[in-house]
$ cat upload-v1.csv   # CSV, C-alpha atoms and all ligand atoms
chain,number,residue,atom,x,y,z
A,1,MET,CA,-82.3,-55.7,-7.6
A,2,SER,CA,-80.3,-53.2,-5.4
A,3,ALA,CA,-81.0,-52.1,-1.9
A,4,ARG,CA,-82.0,-48.7,-3.3
A,5,ASP,CA,-84.5,-50.4,-5.6
A,6,ASP,CA,-85.8,-52.4,-2.6
A,7,LEU,CA,-86.3,-49.2,-0.6
A,8,LEU,CA,-88.0,-47.3,-3.5
A,9,ASP,CA,-90.1,-50.3,-4.2
A,10,GLU,CA,-91.3,-50.6,-0.6
A,11,TYR,CA,-91.3,-47.1,0.7
A,12,GLY,CA,-92.0,-45.3,-2.6
A,13,HIS,CA,-95.6,-46.5,-2.2
A,14,ALA,CA,-95.9,-45.9,1.5
A,15,ASP,CA,-99.6,-45.1,1.2
A,16,THR,CA,-100.4,-48.7,0.1
A,17,ALA,CA,-97.4,-50.8,1.3
A,18,PRO,CA,-96.7,-51.7,4.9
A,19,LEU,CA,-93.9,-49.7,6.4
A,20,GLY,CA,-92.5,-52.5,8.5
A,21,THR,CA,-90.8,-52.0,11.8
A,22,LEU,CA,-88.2,-49.4,12.5
A,23,SER,CA,-85.5,-52.0,12.8
A,24,GLU,CA,-86.4,-53.4,9.5
A,25,LEU,CA,-86.2,-49.9,8.0
A,26,LYS,CA,-82.8,-49.3,9.7
A,27,GLN,CA,-81.5,-52.5,8.2
A,28,LYS,CA,-82.6,-51.5,4.8
A,29,LEU,CA,-81.2,-48.0,5.1
A,30,ASP,CA,-77.9,-49.5,6.3
A,31,ALA,CA,-77.8,-51.8,3.3
A,32,TYR,CA,-78.4,-48.8,1.1
A,33,ARG,CA,-75.7,-46.8,2.8
A,34,VAL,CA,-73.2,-49.7,2.3
A,35,GLU,CA,-74.3,-49.9,-1.4
A,36,VAL,CA,-73.7,-46.1,-1.9
A,37,LEU,CA,-70.4,-46.1,-0.1
A,38,THR,CA,-69.1,-49.2,-2.0
A,39,GLU,CA,-70.2,-47.7,-5.3
A,40,ALA,CA,-68.3,-44.5,-4.4
A,41,GLY,CA,-65.2,-46.6,-3.8
A,42,VAL,CA,-65.2,-46.0,-0.1
A,43,GLN,CA,-63.7,-48.9,1.7
A,44,TYR,CA,-63.7,-47.6,5.2
A,45,GLU,CA,-66.1,-45.6,7.3
A,46,ASP,CA,-66.1,-44.2,10.8
A,47,CYS,CA,-67.9,-46.2,13.4
A,48,THR,CA,-70.9,-44.2,14.7
A,49,VAL,CA,-70.2,-45.5,18.2
A,50,CYS,CA,-66.4,-45.2,18.7
A,51,GLY,CA,-65.3,-43.3,15.7
A,52,ALA,CA,-62.7,-45.9,14.6
A,53,ALA,CA,-62.4,-46.6,10.9
A,54,HIS,CA,-63.7,-50.0,9.8
A,55,SER,CA,-64.6,-51.7,6.5
A,56,VAL,CA,-67.8,-50.6,5.0
A,57,GLY,CA,-70.6,-53.0,5.8
A,58,LYS,CA,-68.6,-54.9,8.4
A,59,PRO,CA,-69.0,-54.7,12.2
A,60,CYS,CA,-66.6,-52.4,14.0
A,61,GLY,CA,-63.5,-54.3,15.2
A,62,THR,CA,-62.7,-51.7,17.8
A,63,CYS,CA,-66.2,-52.0,19.3
A,64,GLU,CA,-66.0,-55.8,19.3
A,65,PHE,CA,-62.6,-55.6,21.0
A,66,ASN,CA,-63.9,-53.2,23.6
A,67,ALA,CA,-66.9,-55.3,24.3
A,68,ARG,CA,-64.7,-58.4,24.7
A,69,MET,CA,-62.3,-56.6,27.0
A,70,ALA,CA,-65.2,-55.3,29.1
A,71,ALA,CA,-66.7,-58.8,29.4
A,72,GLU,CA,-63.3,-60.3,30.5
A,73,ALA,CA,-62.7,-57.4,32.9
A,74,GLY,CA,-66.1,-58.0,34.3
A,75,VAL,CA,-65.1,-61.6,35.0
A,76,LYS,CA,-61.8,-60.5,36.6
A,77,ALA,CA,-63.5,-57.8,38.6
A,78,THR,CA,-64.6,-60.4,41.1
A,79,PRO,CA,-62.8,-59.5,44.3
A,80,GLU,CA,-59.6,-61.4,44.9
A,81,ALA,CA,-58.6,-62.5,48.3
A,82,ALA,CA,-57.2,-59.6,50.2
A,83,PRO,CA,-53.6,-60.2,51.2
A,84,ALA,CA,-53.5,-61.6,54.7
A,85,THR,CA,-52.4,-58.9,57.2
A,86,GLU,CA,-50.9,-59.8,60.5
A,87,ASP,CA,-53.4,-59.7,63.3
A,88,THR,CA,-51.8,-57.4,65.9
A,89,PHE,CA,-54.8,-57.4,68.2
A,90,PRO,CA,-53.4,-60.2,70.5
A,91,ALA,CA,-50.1,-58.3,70.8
A,92,TRP,CA,-51.9,-55.1,71.5
A,93,LEU,CA,-53.9,-56.8,74.3
A,94,ALA,CA,-50.8,-58.3,75.8
A,95,GLN,CA,-49.0,-55.0,75.8
A,96,ARG,CA,-52.0,-53.1,77.1
A,97,PHE,CA,-53.1,-55.4,79.9
A,98,ASP,CA,-49.9,-57.1,80.9
A,99,PRO,CA,-47.1,-54.5,81.0
A,100,ASN,CA,-44.8,-57.2,82.4
A,101,SER,CA,-45.3,-59.4,79.4
A,102,PRO,CA,-42.3,-59.9,77.1
A,103,PRO,CA,-42.5,-58.2,73.7
A,104,TRP,CA,-44.7,-60.1,71.3
A,105,ASP,CA,-41.7,-61.1,69.1
A,106,VAL,CA,-40.1,-63.0,71.9
A,107,LEU,CA,-43.3,-64.2,73.7
A,108,ASP,CA,-43.5,-68.0,73.9
A,109,HIS,CA,-46.1,-70.1,72.3
A,110,ASP,CA,-48.3,-70.4,75.4
A,111,GLY,CA,-48.2,-66.7,75.9
A,112,ARG,CA,-49.2,-66.0,72.4
A,113,THR,CA,-51.9,-68.6,72.5
A,114,TYR,CA,-53.3,-67.1,75.7
A,115,TRP,CA,-53.6,-63.6,74.1
A,116,GLN,CA,-54.9,-64.9,70.8
A,117,HIS,CA,-57.7,-66.7,72.8
A,118,GLU,CA,-58.4,-63.4,74.7
A,119,ALA,CA,-58.5,-61.4,71.5
A,120,ALA,CA,-61.0,-63.8,70.0
A,121,ALA,CA,-63.1,-63.7,73.2
A,122,VAL,CA,-63.0,-59.8,73.1
A,123,ARG,CA,-64.1,-59.8,69.4
A,124,ARG,CA,-67.0,-62.2,70.1
A,125,ALA,CA,-68.1,-60.0,73.1
A,126,VAL,CA,-67.9,-56.8,71.1
A,127,ALA,CA,-69.8,-58.4,68.2
A,128,ARG,CA,-72.7,-59.4,70.5
A,129,GLY,CA,-72.5,-56.2,72.6
A,130,GLY,CA,-71.2,-57.7,75.9
A,131,PHE,CA,-72.2,-60.7,77.9
A,132,LYS,CA,-74.0,-63.6,76.4
A,133,ASN,CA,-77.8,-63.5,77.0
A,134,ASP,CA,-77.8,-67.2,77.7
A,135,THR,CA,-77.2,-67.5,81.5
A,136,THR,CA,-77.9,-71.2,81.7
A,137,THR,CA,-74.4,-72.2,80.9
A,138,GLY,CA,-72.7,-69.8,83.3
A,139,ASP,CA,-70.1,-69.2,80.6
A,140,ASN,CA,-70.0,-65.5,80.0
A,141,THR,CA,-66.8,-65.3,78.0
A,201,ZN,ZN,-66.8,-48.8,16.9

$ encode --input "upload-v1.csv" --output "structure tokens" --more "lines below"
Ligand SMILES: [Zn+2]
Amino acid sequence: MSARDDLLDEYGHADTAPLGTLSELKQKLDAYRVEVLTEAGVQYEDCTVCGAAHSVGKPCGTCEFNARMAAEAGVKATPEAAPATEDTFPAWLAQRFDPNSPPWDVLDHDGRTYWQHEAAAVRRAVARGGFKNDTTTGDNT
């Protein structure tokens, strides 16, 4: 029995036979379409989604490929670590608040460490909006 016969058998008597679900009907119509195309000697049809040609009755390879690429791109879309950029804030502080300081490039280790410590302290202070609220320690850096 062909898909056409199945359709006629079931839906030709719609007043008495159950119609089934829409997806069941679509499946049967698809089967009938494949049957008609195959009998007509058509080997390829245009995908209704992307328009690419694919074998009659077979899933669209282009759509499958696109879905796979999208899935893999989704995995790779996770943010990669941003390239580390040099923190110039300590150097800026040194230049701004100690005009007699040697240029950052030639500043010794202790000098750099001092301004890096100050830069961190400034950032912490800015983040909290100024002085610490906790006055019990007496440490307001
Ligand atoms: Zn397609």

$ atom_distance --input "upload-v1.csv" --atom1 "CA of Leu93 in chain A" --atom2 "CA of Val122 in chain A"
9.7 Å

$ residues_near_ligand --input "upload-v1.csv" --ligand "ligand ZN 201 (chain A)" --cutoff "8 Å" --atoms "only C-alpha atoms and all ligand atoms" --output "ChimeraX atom specification"
/A:46-54,59-64

$ atom_distance --input "upload-v1.csv" --atom1 "CA of Ala3 in chain A" --atom2 "CA of Tyr44 in chain A"
19.2 Å

$ closest_residue --input "upload-v1.csv" --among "A:Glu35, A:Val106, A:Leu25, A:Pro90" --to "Ala121 in chain A" --atoms "all atoms listed in the file"
A:Pro90

$ atom_distance --input "upload-v1.csv" --atom1 "CA of Asp110 in chain A" --atom2 "CA of Arg124 in chain A"
21.1 Å

$ residues_near_point --input "upload-v1.csv" --point "(-56.1, -60.4, 71.1)" --cutoff "10 Å" --atoms "only C-alpha atoms" --output "JSON, numbers by chain"
{"A": [87, 88, 89, 90, 91, 92, 93, 94, 112, 113, 114, 115, 116, 117, 118, 119, 120, 121, 122, 123]}

$ build_atoms --input "upload-v1.csv" --residues "range 17-36 of chain A" --atoms "N, CA and C atoms" --output "compact mmCIF listing (two decimals), keeping the file's coordinate frame"
# COMPACT_ATOMS: atom_id res chain seq x y z
N ALA A 17 -98.21 -49.66 0.76
CA ALA A 17 -97.40 -50.80 1.30
C ALA A 17 -97.17 -50.64 2.76
N PRO A 18 -97.05 -51.77 3.45
CA PRO A 18 -96.70 -51.70 4.90
C PRO A 18 -95.34 -51.14 5.10
N LEU A 19 -95.18 -50.35 6.15
CA LEU A 19 -93.90 -49.70 6.40
C LEU A 19 -92.92 -50.64 7.13
N GLY A 20 -93.42 -51.66 7.79
CA GLY A 20 -92.50 -52.50 8.50
C GLY A 20 -92.09 -51.87 9.83
N THR A 21 -91.25 -52.59 10.54
CA THR A 21 -90.80 -52.00 11.80
C THR A 21 -89.62 -51.10 11.59
N LEU A 22 -89.32 -50.30 12.61
CA LEU A 22 -88.20 -49.40 12.50
C LEU A 22 -86.88 -50.10 12.32
N SER A 23 -86.72 -51.23 12.99
CA SER A 23 -85.50 -52.00 12.80
C SER A 23 -85.32 -52.53 11.44
N GLU A 24 -86.44 -52.90 10.86
CA GLU A 24 -86.40 -53.40 9.50
C GLU A 24 -85.98 -52.22 8.54
N LEU A 25 -86.55 -51.04 8.81
CA LEU A 25 -86.20 -49.90 8.00
C LEU A 25 -84.73 -49.52 8.16
N LYS A 26 -84.25 -49.57 9.41
CA LYS A 26 -82.80 -49.30 9.70
C LYS A 26 -81.93 -50.23 8.92
N GLN A 27 -82.32 -51.51 8.94
CA GLN A 27 -81.50 -52.50 8.20
C GLN A 27 -81.45 -52.21 6.75
N LYS A 28 -82.58 -51.80 6.20
CA LYS A 28 -82.60 -51.50 4.80
C LYS A 28 -81.82 -50.22 4.46
N LEU A 29 -81.94 -49.23 5.34
CA LEU A 29 -81.20 -48.00 5.10
C LEU A 29 -79.69 -48.26 5.25
N ASP A 30 -79.31 -49.15 6.21
CA ASP A 30 -77.90 -49.50 6.30
C ASP A 30 -77.39 -50.19 5.08
N ALA A 31 -78.20 -51.08 4.55
CA ALA A 31 -77.80 -51.80 3.30
C ALA A 31 -77.64 -50.79 2.18
N TYR A 32 -78.53 -49.82 2.12
CA TYR A 32 -78.40 -48.80 1.10
C TYR A 32 -77.19 -47.96 1.26
N ARG A 33 -76.90 -47.60 2.50
CA ARG A 33 -75.70 -46.80 2.80
C ARG A 33 -74.45 -47.56 2.35
N VAL A 34 -74.38 -48.85 2.67
CA VAL A 34 -73.20 -49.70 2.30
C VAL A 34 -73.13 -49.68 0.74
N GLU A 35 -74.27 -49.82 0.07
CA GLU A 35 -74.30 -49.90 -1.40
C GLU A 35 -73.73 -48.55 -1.96
N VAL A 36 -74.17 -47.43 -1.40
CA VAL A 36 -73.70 -46.10 -1.90
C VAL A 36 -72.22 -45.94 -1.64
